[in-house]
Amino acid sequence: MRRAGRLVRRASVALVVGALLLEAALQLTALVAPYVVRAGSPSDTRGDAITILVVGDSHAAGAGVPADQNLAGHLERLLAARHPGRAFRFVNVGRAGLNSAYVANRLESNALTHRPRLIIVWVGVNDLWNALETESWGAIGEGLGLRRILLHSKLYRLATVLWHTHDLDDTAEARRWSRTEKHDDEIERGLAFDFERMARTAFALRTPILFVNYPVPYRLVNAAIDATGDRVGVPVLSTATDLLRARADGHSQQALLNFAAGPHPTGLLYRYVAESAVPQVEMALRQGGLDLARIPPP
């Protein structure tokens, strides 16, 4: 019995030590990663493509429109036309149904994989129904505080992602985790928490980041995105003004919004959004150290 007890204690100690060593390795990797990413990023003097990462939900993905008619497609053409000799590469990992927690949990991995010079985030409306991986719903009080503390652990974050995505369909799992009763203050806290995490991730990787809000009046979601962007110093692309501008130009609502799967921009409205976004995209790239005025040699 005593021998069995000693074996259990030794195994427990080994597991704890192993977990601590793995956590230390992950934390060290996170500290070194920004310098590795920057060193391996496309050089501004070689003429390589300037990579811009787009993350988010179906609005980011461009639901219902061809790939060249979504926000990324329009921005790529506009930037190339304004900066001859420059090559722009947009990586769009937006997917329908995603919420802010899901995107925030994977932003670091996506950034390290694609090494962008700018990150554009368009997500949030699905938080109204999708509680997948969220750190606010169903965890009010001490549980929420504990989980937010644990999020500082790279090992915990890795385990969370693996747990929720192992052999599961994301959309079905999101619906399984959805709540029938949701409170506005819970949703706002969750949105603010996730957008702050995305901002901190980008800041740690020394990569500029832009938030995008929604053209239809999702007041709670847009207010949370706008307020968080203002608080953490991240510019927000206001697509509601683009919808108004397009309507003022004589375009009907049917020409600007596709209601087949909820109100999503058409290719025409995406073009308006991209046109107003270009100056902020250029400013963010310059703030990230790119000289867009200089044409690199071939």
# chains A, B, ... in the order shown; residues from 1 in each chain; ligands from 1
>>> closest_atom_pairs(of="region 33-131 of chain A", to="region 263-269 of chain A", cutoff="8 Å", atoms="only C-alpha atoms", output="Markdown table")
| residue | atom | partner | partner_atom | distance |
| --- | --- | --- | --- | --- |
| A:His59 | CA | A:His264 | CA | 6.4 |
| A:Gly62 | CA | A:Pro265 | CA | 7.7 |
| A:Ala63 | CA | A:His264 | CA | 6.9 |
| A:Gly64 | CA | A:Thr266 | CA | 7.4 |
| A:Val65 | CA | A:Gly267 | CA | 6.0 |
| A:Pro66 | CA | A:Gly267 | CA | 7.9 |
| A:Gln69 | CA | A:Gly267 | CA | 4.9 |
| A:Asn70 | CA | A:Gly267 | CA | 6.0 |
>>> closest_atom_pairs(of="region 185-212 of chain A", to="region 237-256 of chain A", cutoff="9 Å", atoms="only C-alpha atoms", output="CSV")
residue,atom,partner,partner_atom,distance
A:Leu210,CA,A:Leu237,CA,7.3
A:Phe211,CA,A:Leu237,CA,6.2
A:Val212,CA,A:Leu237,CA,4.6
>>> write_last_selection(atoms="C-alpha atoms", output="short mmCIF file (atom, residue, chain, number, x, y, z; two decimals), in the first residue's frame")
data_model
loop_
_atom_site.label_atom_id
_atom_site.label_comp_id
_atom_site.auth_asym_id
_atom_site.auth_seq_id
_atom_site.Cartn_x
_atom_site.Cartn_y
_atom_site.Cartn_z
CA LEU A 210 -8.04 47.15 -37.55
CA PHE A 211 -11.55 46.31 -36.32
CA VAL A 212 -14.63 46.39 -38.56
#
>>> residues_around(residues="Ala199 (chain A)", least_positions_apart="6", cutoff="9 Å", atoms="only C-alpha atoms", output="MDAnalysis selection string")
chainID A and resid 208:210 229 232:234
>>> select_by_dssp(residues="region 189-280 of chain A", states="strand (DSSP E)", output="VMD selection string")
chain A and resid 209 to 212 236 to 237 257 to 258 264 to 265
>>> closest_residue(among="A:Ala49, A:Val13, A:Leu191, A:Ala67", to="Val103 (chain A)", atoms="only C-alpha atoms")
A:Leu191
>>> closest_residue(among="A:Leu78, A:Val123, A:Leu205, A:Ala260", to="Pro279 (chain A)", atoms="only C-alpha atoms")
A:Leu78
>>> residues_around(residues="Leu75 (chain A)", least_positions_apart="3", cutoff="9 Å", atoms="only C-alpha atoms", output="MDAnalysis selection string")
chainID A and resid 70:72 78:80 90 271 274:275 277:278 281
>>> closest_residue(among="A:Arg206, A:Arg82, A:Ser153, A:Phe195", to="Arg231 (chain A)", atoms="only C-alpha atoms")
A:Phe195
>>> atom_distance(atom1="CA of Ala131 (chain A)", atom2="CA of Val216 (chain A)")
21.7 Å
>>> closest_residue(among="A:Glu76, A:Asp68, A:Glu196, A:Asp291", to="Ala104 (chain A)", atoms="only C-alpha atoms")
A:Glu196
>>> residues_around(residues="Met198 (chain A)", least_positions_apart="6", cutoff="10 Å", atoms="only C-alpha atoms", output="mmCIF file with N, CA and C atoms, in the first residue's frame")
data_model
loop_
_atom_site.group_PDB
_atom_site.id
_atom_site.type_symbol
_atom_site.label_atom_id
_atom_site.label_comp_id
_atom_site.auth_asym_id
_atom_site.auth_seq_id
_atom_site.Cartn_x
_atom_site.Cartn_y
_atom_site.Cartn_z
ATOM 1 N N SER A 100 -16.537 35.856 -31.559
ATOM 2 C CA SER A 100 -15.297 36.575 -31.252
ATOM 3 C C SER A 100 -14.319 35.732 -30.442
ATOM 4 N N ALA A 101 -14.836 34.867 -29.568
ATOM 5 C CA ALA A 101 -13.948 34.030 -28.759
ATOM 6 C C ALA A 101 -13.168 33.060 -29.644
ATOM 7 N N VAL A 103 -12.377 33.348 -32.773
ATOM 8 C CA VAL A 103 -11.370 34.064 -33.563
ATOM 9 C C VAL A 103 -10.207 34.499 -32.686
ATOM 10 N N ALA A 104 -10.506 35.025 -31.492
ATOM 11 C CA ALA A 104 -9.444 35.481 -30.590
ATOM 12 C C ALA A 104 -8.545 34.330 -30.165
ATOM 13 N N ASN A 105 -9.132 33.158 -29.942
ATOM 14 C CA ASN A 105 -8.345 32.009 -29.494
ATOM 15 C C ASN A 105 -7.349 31.534 -30.548
ATOM 16 N N ARG A 106 -7.584 31.872 -31.819
ATOM 17 C CA ARG A 106 -6.729 31.390 -32.907
ATOM 18 C C ARG A 106 -5.943 32.494 -33.603
ATOM 19 N N LEU A 107 -6.091 33.720 -33.137
ATOM 20 C CA LEU A 107 -5.439 34.818 -33.843
ATOM 21 C C LEU A 107 -3.926 34.699 -33.799
ATOM 22 N N GLU A 108 -3.378 34.360 -32.660
ATOM 23 C CA GLU A 108 -1.930 34.229 -32.552
ATOM 24 C C GLU A 108 -1.405 33.170 -33.512
ATOM 25 N N ILE A 119 -3.551 43.079 -39.687
ATOM 26 C CA ILE A 119 -4.656 42.170 -39.378
ATOM 27 C C ILE A 119 -5.960 42.967 -39.407
ATOM 28 N N VAL A 121 -10.014 42.548 -38.531
ATOM 29 C CA VAL A 121 -10.934 41.697 -37.764
ATOM 30 C C VAL A 121 -12.364 42.137 -38.018
ATOM 31 N N ALA A 192 -15.996 42.712 -25.469
ATOM 32 C CA ALA A 192 -14.888 43.567 -25.045
ATOM 33 C C ALA A 192 -13.672 42.731 -24.666
ATOM 34 N N ALA A 204 1.554 42.449 -29.258
ATOM 35 C CA ALA A 204 2.690 41.620 -28.871
ATOM 36 C C ALA A 204 3.495 41.175 -30.079
ATOM 37 N N ILE A 209 -3.429 46.406 -36.355
ATOM 38 C CA ILE A 209 -4.706 45.705 -36.401
ATOM 39 C C ILE A 209 -5.829 46.719 -36.575
ATOM 40 N N PHE A 211 -10.262 46.948 -36.558
ATOM 41 C CA PHE A 211 -11.547 46.314 -36.316
ATOM 42 C C PHE A 211 -12.555 46.832 -37.340
#
